[in-house]
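> What follows is a single structure, and I will ask about it in a moment.
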Amino acid sequence: MVTPPPVTETQVLRVAKTVRQDRWAQVGPVVLGTAGVVTFLIAWQLYAQFGPVSNEYLPYPAEVIGQFFGNFALTSFWASVGATLWAWFLGLVISAIAGLVLGVIIGSSRFLRRATFTVIEFLRPIPSVALIPIAALAFGPQLEAELLVIIYGCFFVVLIQTLYGVADVDRVAHETTLTMGLNWGQRARHLVVPTLLPYFFTGVRLSATISLILAVSAELIIGTPGLGQSVAQAQLNGAPVAMYALIVTAGVLGIIINTGAKIAERKALFWHESVRAEVPA
Amino acid sequence: MNILKNLAYWLGLPIILILIWHFATMGDISPFVPRPLPLWEKFVSVWLGENLLTDVLPSIGRLLLALAISIVLGVVLGVLIGSFRSARWFFEPLFEFLRAIPSTIMIPVLLLVVGLNDNMRITVIVLGSIWPVLLNTITGVRSLDEVLSNSAKVYGVHGWGRVWHLVLPGASPAIMAGVRQSLAVGLILMVVSEMFASANGIGTLITNFQNRVAVPEMWSGVLLLGVVGVVLSAIFALVQKGVLKWYDGLKAAADGN
């Protein structure tokens, strides 16, 4: 019979240390993350109180947070959040569909890919906010103006990702499907779509963020109803607390959209290795 | 022969499109639709004349300065924060929130706090374009190759040497991906900051044309911004090719096996 060697004190200490580290790895992000946010708020408070900027321009965080929650009781607040989200959603859906359809058509043909390269590479970097004045003149402060700006900005992001996705189809797999006599529909279903989807969803996720930025910018400058317009109004009315509260709202919307897009992407791509790899076996 | 064919591919569609555009806009059309010939004339007369010095170059100067600040600040802060686990935990939620704020909405606030001047416009651009660089640098530093990292430790490489020879090169693919996003964001913010708070610049001039309902001039501004965008991404592609030469080679070698 073999007796196990006695456990030394060093070993016990080492195990205890690992356990402590494990627990810290779970709690640490929450504790330190909260500390980070609190530190930021304190720094803001101190700067507003003692800094060179007048309190009229930089209100205290407590006032802003109070107003942020106070807004929830106002119909006009929800109307402007709703208007921004509606423009965001319409713009995103239209550009996703348009980008996907055109991307698949262009991407499937070598000739079209090469022929459209120059045009796409020139049109893509034009910042869509440059279209704001034209949209303002052509449509006035209406949803159409906002949509024009959003769609131009997001369409190319989805288009480019779709093009990458179609181009990424594995050559060997492609030739295999040909040899095995899969027809066009089967090839699309089993080969192109699975390769394309992750790229497409990346494009949509990026567009979701861009769409919000463009919606707010268009509202800010053109004056279409929405969060951006409310901020511009608050500035004109000299209501800094309202302005900061709306900006916090925009940040919260941004976080919800970012997180929502990430979750949607993971749900839709649960079968893909890039997502599966993150799940412990 | 091949060169001719490539040239045909490059210029074919643009020429066809411009011709179609030209003939389609010959008749009576909506005043908002631009026409190619007047557009080109306006482009030359508006942007390549004296406005080049008073508006175009200051805009681009501000953009480049702001991008330089964002890249340097983003990389320095990113390396610092990325190297310490506690620092990452401390800053992560705060950064997630600050990054999620659509940066153009900060313009009215900065107008109040910083005032209407070049500093404000540069601050706006930096506030928007620092995030991709900063967050990508943190990710890049975190995902350094473990074997390389440990080897460096064994060989006693630390401090500046470690940052210079291991951390920065190792994180450079991620950093470059961040810089690429920053360019696009920076250009957007340059235009919006000038449209909202006007003094001089490309965005201001375009807004002036809007107020005068000078549609061809406005379109020529869009064309100019397209050119700026294309030139920026071309310069970036060159820099990236130089910086990531080793990485592209590594990838090519890995694919070859």
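Labels used: A, B, ... for chains in the order of the structure tokens, numbers from 1 for residues in each chain, and numbers from 1 for ligands as shown.
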Using only C-alpha atoms, tabulate the residues of chain A lying at most 6 Å from any atom of chain B, each with its closest atom pair and that distance in Å to one decimal, by chain and increasing residue number, as JSON lines.


{"residue": "A:Pro29", "atom": "CA", "partner": "B:Trp89", "partner_atom": "CA", "distance": 4.7}
{"residue": "A:Leu32", "atom": "CA", "partner": "B:Phe90", "partner_atom": "CA", "distance": 4.5}
{"residue": "A:Gly33", "atom": "CA", "partner": "B:Phe90", "partner_atom": "CA", "distance": 4.5}
{"residue": "A:Gly36", "atom": "CA", "partner": "B:Phe90", "partner_atom": "CA", "distance": 4.9}
{"residue": "A:Val37", "atom": "CA", "partner": "B:Leu94", "partner_atom": "CA", "distance": 5.5}
{"residue": "A:Tyr57", "atom": "CA", "partner": "B:Leu112", "partner_atom": "CA", "distance": 5.8}
{"residue": "A:Ala115", "atom": "CA", "partner": "B:Tyr9", "partner_atom": "CA", "distance": 4.9}
{"residue": "A:Thr118", "atom": "CA", "partner": "B:Trp10", "partner_atom": "CA", "distance": 5.7}
{"residue": "A:Pro125", "atom": "CA", "partner": "B:Gly229", "partner_atom": "CA", "distance": 4.9}
{"residue": "A:Ile126", "atom": "CA", "partner": "B:Gly226", "partner_atom": "CA", "distance": 4.1}
{"residue": "A:Pro127", "atom": "CA", "partner": "B:Ile188", "partner_atom": "CA", "distance": 5.6}
{"residue": "A:Ala130", "atom": "CA", "partner": "B:Val222", "partner_atom": "CA", "distance": 5.6}
{"residue": "A:Pro133", "atom": "CA", "partner": "B:Gln210", "partner_atom": "CA", "distance": 5.8}
{"residue": "A:Ile213", "atom": "CA", "partner": "B:Pro102", "partner_atom": "CA", "distance": 4.8}
{"residue": "A:Ser217", "atom": "CA", "partner": "B:Thr104", "partner_atom": "CA", "distance": 5.9}
{"residue": "A:Ala250", "atom": "CA", "partner": "B:Ile101", "partner_atom": "CA", "distance": 5.7}
{"residue": "A:Gly251", "atom": "CA", "partner": "B:Ile101", "partner_atom": "CA", "distance": 3.9}
{"residue": "A:Gly254", "atom": "CA", "partner": "B:Ala100", "partner_atom": "CA", "distance": 4.6}
{"residue": "A:Ile255", "atom": "CA", "partner": "B:Ala100", "partner_atom": "CA", "distance": 5.4}

> So that I can check the surroundings of stretch 224-239 of chain A, please list as an NGL selection string every protein, DNA and RNA residue that reaches within 9 Å of it, counting only C-alpha atoms and ignoring chain neighbours fewer than 3 positions away.

(:A and (56-57 or 77 or 79-85 or 87 or 140-143 or 145-146 or 215-221 or 242-244 or 246-247 or 249-250)) or (:B and (104-105 or 108-109 or 112))

> Distance atom CA of A:Arg205-atom CA of A:Ala261, one decimal place?

5.5 Å

> Set the distance at 6 Å and use only C-alpha atoms: which residues neighbour A:Trp88 once local chain neighbours fewer than 2 positions away are removed? I'd like the list as a PDB file with all heavy atoms, in the first residue's frame.


ATOM      1  N   LEU A  85     -35.050  55.965 -33.020  1.00  0.00           N
ATOM      2  CA  LEU A  85     -34.966  54.513 -33.193  1.00  0.00           C
ATOM      3  C   LEU A  85     -35.652  54.070 -34.488  1.00  0.00           C
ATOM      4  O   LEU A  85     -35.184  53.139 -35.152  1.00  0.00           O
ATOM      5  CB  LEU A  85     -35.599  53.792 -32.000  1.00  0.00           C
ATOM      6  CG  LEU A  85     -34.707  53.749 -30.764  1.00  0.00           C
ATOM      7  CD1 LEU A  85     -35.379  52.990 -29.651  1.00  0.00           C
ATOM      8  CD2 LEU A  85     -33.355  53.119 -31.093  1.00  0.00           C
ATOM      9  N   TRP A  86     -36.754  54.716 -34.847  1.00  0.00           N
ATOM     10  CA  TRP A  86     -37.463  54.350 -36.067  1.00  0.00           C
ATOM     11  C   TRP A  86     -36.567  54.619 -37.288  1.00  0.00           C
ATOM     12  O   TRP A  86     -36.424  53.766 -38.170  1.00  0.00           O
ATOM     13  CB  TRP A  86     -38.788  55.120 -36.146  1.00  0.00           C
ATOM     14  CG  TRP A  86     -39.616  54.854 -37.365  1.00  0.00           C
ATOM     15  CD1 TRP A  86     -40.083  55.774 -38.245  1.00  0.00           C
ATOM     16  CD2 TRP A  86     -40.104  53.574 -37.830  1.00  0.00           C
ATOM     17  NE1 TRP A  86     -40.814  55.157 -39.227  1.00  0.00           N
ATOM     18  CE2 TRP A  86     -40.842  53.806 -39.001  1.00  0.00           C
ATOM     19  CE3 TRP A  86     -39.955  52.266 -37.376  1.00  0.00           C
ATOM     20  CZ2 TRP A  86     -41.455  52.794 -39.731  1.00  0.00           C
ATOM     21  CZ3 TRP A  86     -40.567  51.235 -38.092  1.00  0.00           C
ATOM     22  CH2 TRP A  86     -41.303  51.504 -39.264  1.00  0.00           C
ATOM     23  N   LEU A  90     -35.272  51.632 -39.755  1.00  0.00           N
ATOM     24  CA  LEU A  90     -35.574  51.630 -41.199  1.00  0.00           C
ATOM     25  C   LEU A  90     -34.286  51.696 -42.015  1.00  0.00           C
ATOM     26  O   LEU A  90     -34.089  50.914 -42.949  1.00  0.00           O
ATOM     27  CB  LEU A  90     -36.448  52.830 -41.553  1.00  0.00           C
ATOM     28  CG  LEU A  90     -37.952  52.682 -41.405  1.00  0.00           C
ATOM     29  CD1 LEU A  90     -38.625  53.929 -41.947  1.00  0.00           C
ATOM     30  CD2 LEU A  90     -38.425  51.456 -42.169  1.00  0.00           C
ATOM     31  N   GLY A  91     -33.410  52.628 -41.637  1.00  0.00           N
ATOM     32  CA  GLY A  91     -32.165  52.792 -42.382  1.00  0.00           C
ATOM     33  C   GLY A  91     -31.341  51.523 -42.372  1.00  0.00           C
ATOM     34  O   GLY A  91     -30.815  51.090 -43.399  1.00  0.00           O
ATOM     35  N   SER A 211     -25.414  53.547 -38.000  1.00  0.00           N
ATOM     36  CA  SER A 211     -26.754  54.074 -38.258  1.00  0.00           C
ATOM     37  C   SER A 211     -27.189  55.010 -37.133  1.00  0.00           C
ATOM     38  O   SER A 211     -27.783  56.067 -37.395  1.00  0.00           O
ATOM     39  CB  SER A 211     -27.733  52.917 -38.411  1.00  0.00           C
ATOM     40  OG  SER A 211     -29.032  53.383 -38.600  1.00  0.00           O
ATOM     41  N   LEU A 212     -26.876  54.648 -35.891  1.00  0.00           N
ATOM     42  CA  LEU A 212     -27.262  55.506 -34.763  1.00  0.00           C
ATOM     43  C   LEU A 212     -26.519  56.844 -34.833  1.00  0.00           C
ATOM     44  O   LEU A 212     -27.103  57.915 -34.659  1.00  0.00           O
ATOM     45  CB  LEU A 212     -26.983  54.805 -33.442  1.00  0.00           C
ATOM     46  CG  LEU A 212     -27.392  55.602 -32.211  1.00  0.00           C
ATOM     47  CD1 LEU A 212     -28.897  55.724 -32.131  1.00  0.00           C
ATOM     48  CD2 LEU A 212     -26.856  54.984 -30.937  1.00  0.00           C
TER      49      LEU A 212
END
